[in-house]
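Asker: If you scroll down you'll find the structure; I have some questions about it.
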Amino acid sequence: MELLKGTIRDYAWGSLTAIPELLGSDPTGEPQAEYWLGAHHLAPATIDGVGLDKVLHDHPEWVGDRTHRAFGDSYPVLMKILAAEHPLSLQAHPNREQAQEGFAQESKAKIPIDAPQRIYRDDWPKPELLVALTDFDGLCGFREPKQTVDLFTRLGVSESFGTVIGPLSKRRGSAALAEVFLDILSQDQPTYVNDVLHLAPRFAEEDTDLGLFARTALELNRYFPHDPSILAALLLNRIHLTPGQGLYLPTRTLHSYLGGVGIEVMACSDNVLRGGLTSKHINVDELIKVVDFVPCEISPVETQDDGGFVRYVTPTPEFAVWRGDLSSAPLAVPHADSCRIALVVDGEAQLRHDDNSIELNAGEAVLIPFGEDVTASGSATIFISAPGV
């Protein structure tokens with residue numbers, strides 16, 4: 001076992017206090033949005049000051065043959081603490097084929113990795129799982145079009161608004177959603193979003209689906225005033241997670257996190273295609289190619305018991321995630337046939353391997369190499385991530 005120190009990412013939507021409180025550090029006065037625990041080349045975690053990407057390159061035996069066979073020299077898991085003080089941009093992430101093609105094209109065009117217009121910063125897909133540590137709200141996947149039309153109609157939008165949402169009534173499924181979404185992104189005047197914002201306060205206090213719809217519009221307007229892409233966000237399902245619940249986001253799923261603190265585990269990628277609620281670059285043509293416009297229903301991830309740990313059931317081969325609510329009785333840390341990252345989020349935990357033990361407080365993490373049989377005990381909540389193969 002090796003102590004692992006993460007890397008802070010200070011995006012503007014981050015919280016001033018949530019990550020410092022969890023890590024036991026002093027706030028800097030700047031927003032801290034994410035704390036990365038992984039081997040991604042843009043911000044690798046460190047062991048004794050050395051980047052995890054280099055450490056695992058120098059110690060391939062720590063990763064294990066099965067992971068090497070599946071993913072080559074790249075460690076596939078990126079684990080984060082995420083603290084959203086206000087909504088993120090609408091965004092989607094590519095699947096593996098799209099990421100490889102896009103990365104190759106942008107590299108061939110010699111677009112610098114850190115250029116604002118660069119989309120593909122690596123050639124990896126980016127499915128992800130978010131497990132709430134606090135109450136957490138998000139938008140995820142397109143709502144059934146008829147339900148969306150019904151919500152706008154009950155809100156009382158003007159007859160002219162039909163030019164925006166009309167295809168949702170006249171055409172079926174993904175083609176209609178793609179047409180409406182593209183139309184919204186092409187708008188440069190807030191005429192239609194102002195129509196919605198004018199009507200929303202009438203219903204915002206209702207404990208109904210229409211009330212939630214209205215509150216979502218008003219909440220987004222606080223941070224992105226009169227932005228036409230608020231209408232795009234209103235095409236999506238809204239989900240609320242209580243602490244311990246998880247949300248799985250397949251690649252190509254349009255989404256936005258609205259607020260809360262959670263553990264986010266994903267394939268080791270930083271590929272983001274933005275689709276609104278942002279001042280950053282939006283490549284509409286590429287976005288339309290990547291986003292899945294098939295309507296879907298969203299619910300928290302199923303879980304199952306795994307030797308006293310709770311496993312979040314996800315289909316991706318890049319990662320697997322467990323939560324352990326520890327007591328004095330030792331529990332075997334799952335997936336000893338993989339290289340794992342363990343992060344304590346509250347309390348105190350003791351991890352033991354043979355005669356070696358490490359005491360971890362909230363915010364501290366370790367890398368557990370392949371083949372080490374480790375037990376965990378104490379009074380703590382601990383998250384384990386590992387390759388999903």
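Chains: A, B, ... in order of the structure tokens. Residues: from 1 per chain. Ligands: from 1, in order shown.
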How close does range 9-99 of chain A get to range 269-287 of chain A? List, as CSV, each residue of range 9-99 of chain A within 6 Å, its nearest atom pair and the distance in Å to one decimal, counting only C-alpha atoms.
Answerer:
```
residue,atom,partner,partner_atom,distance
A:Ser89,CA,A:Leu277,CA,4.8
A:Leu90,CA,A:Gly275,CA,5.0
A:Gln91,CA,A:Arg274,CA,4.3
A:Ala92,CA,A:Leu273,CA,5.3
A:His93,CA,A:Val272,CA,5.3
```
Asker: Dump C-alpha atoms for the selected residues as an mmCIF file, in the first residue's frame?
Answerer:
```
data_model
loop_
_atom_site.group_PDB
_atom_site.id
_atom_site.type_symbol
_atom_site.label_atom_id
_atom_site.label_comp_id
_atom_site.auth_asym_id
_atom_site.auth_seq_id
_atom_site.Cartn_x
_atom_site.Cartn_y
_atom_site.Cartn_z
ATOM 1 C CA SER A 89 -22.158 23.298 -18.526
ATOM 2 C CA LEU A 90 -24.343 20.947 -20.520
ATOM 3 C CA GLN A 91 -21.906 18.309 -21.725
ATOM 4 C CA ALA A 92 -21.414 14.850 -23.164
ATOM 5 C CA HIS A 93 -18.472 12.482 -23.445
#
```
Asker: Using only C-alpha atoms, which residues sit within 10 Å of Ala376 in chain A once same-chain residues fewer than 4 positions away are excluded, as a count of residues only?
Answerer: 20
Asker: DSSP on the backbone: which residues in range 10-159 of chain A end up as strand (DSSP E or B)? Give the answer as a PyMOL selection string.
Answerer: chain A and resi 14-15+32+34-38+46-47+50-51+77-84+91-92+128-132+136-142
Asker: I need the chosen residues saved as a CSV table (one decimal), in the first residue's frame, with C-alpha atoms.
Answerer:
```csv
chain,number,residue,atom,x,y,z
A,14,GLY,CA,-16.4,24.6,-7.7
A,15,SER,CA,-17.1,25.1,-4.0
A,32,GLN,CA,-12.0,24.0,-5.7
A,34,GLU,CA,-12.4,18.5,-8.3
A,35,TYR,CA,-9.7,16.4,-6.5
A,36,TRP,CA,-8.2,14.0,-8.9
A,37,LEU,CA,-6.9,10.6,-7.8
A,38,GLY,CA,-5.7,8.8,-10.9
A,46,THR,CA,1.4,11.5,-6.7
A,47,ILE,CA,3.2,8.9,-4.5
A,50,VAL,CA,6.1,11.2,-8.2
A,51,GLY,CA,3.2,11.2,-10.6
A,77,VAL,CA,-9.6,4.5,-13.6
A,78,LEU,CA,-9.9,8.2,-12.6
A,79,MET,CA,-11.4,8.8,-9.2
A,80,LYS,CA,-12.4,12.3,-8.0
A,81,ILE,CA,-14.0,14.2,-5.3
A,82,LEU,CA,-16.4,16.6,-7.0
A,83,ALA,CA,-17.9,19.7,-5.4
A,84,ALA,CA,-20.3,21.7,-7.5
A,91,GLN,CA,-21.9,18.3,-21.7
A,92,ALA,CA,-21.4,14.8,-23.2
A,128,GLU,CA,-18.8,7.9,-15.3
A,129,LEU,CA,-20.4,7.2,-12.0
A,130,LEU,CA,-21.3,9.9,-9.4
A,131,VAL,CA,-22.0,8.7,-5.9
A,132,ALA,CA,-23.6,11.5,-3.7
A,136,PHE,CA,-27.0,16.1,-5.2
A,137,ASP,CA,-29.0,17.3,-8.2
A,138,GLY,CA,-28.4,16.7,-11.8
A,139,LEU,CA,-29.8,16.7,-15.3
A,140,CYS,CA,-29.2,13.6,-17.3
A,141,GLY,CA,-30.5,12.2,-20.7
A,142,PHE,CA,-33.4,13.4,-22.7
```
Asker: Report as JSON, numbers by chain all protein, DNA and RNA residues lying within 6 Å of range 195-206 of chain A, evaluated on only C-alpha atoms, omitting residues in the same chain fewer than 5 positions from it.
Answerer: {"A": [211, 214, 215]}
Asker: Please, which residues of range 149-311 of chain A, numbered as in this document, come out helix (DSSP H, G or I) from DSSP, as a VMD selection string?
Answerer: chain A and resid 149 to 155 159 to 170 173 to 185 191 to 202 209 to 223 230 to 233 284 to 290
Asker: Nearest residue to Ala217 in chain A out of A:Met266, A:Phe152, A:Gln189, A:Gly363, using only C-alpha atoms?
Answerer: A:Phe152
Asker: What is the distance between CA of Asp337 in chain A and CA of Glu97 in chain A, in Å to one decimal?
Answerer: 27.8 Å
Asker: Would you mind listing what lies within 12 Å of Gly29 in chain A as a list in words, with only C-alpha atoms counted and same-chain residues fewer than 6 positions away left out?
Answerer: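 The neighbour list is Asp10, Ala12, Gly14, Ser15, Leu16, Thr17, Ala18 and Pro20 of chain A.
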Asker: Determine, counting only C-alpha atoms, which protein, DNA and RNA residues have an atom within 12 Å of an atom of range 238-245 of chain A; residues of the same chain fewer than 3 positions away are not included. Present the result as a PyMOL selection string.
Answerer: chain A and resi 129-143+148+209-210+212-217+233-235+248+254-264+296-303+310-313+322-325+345+381-383
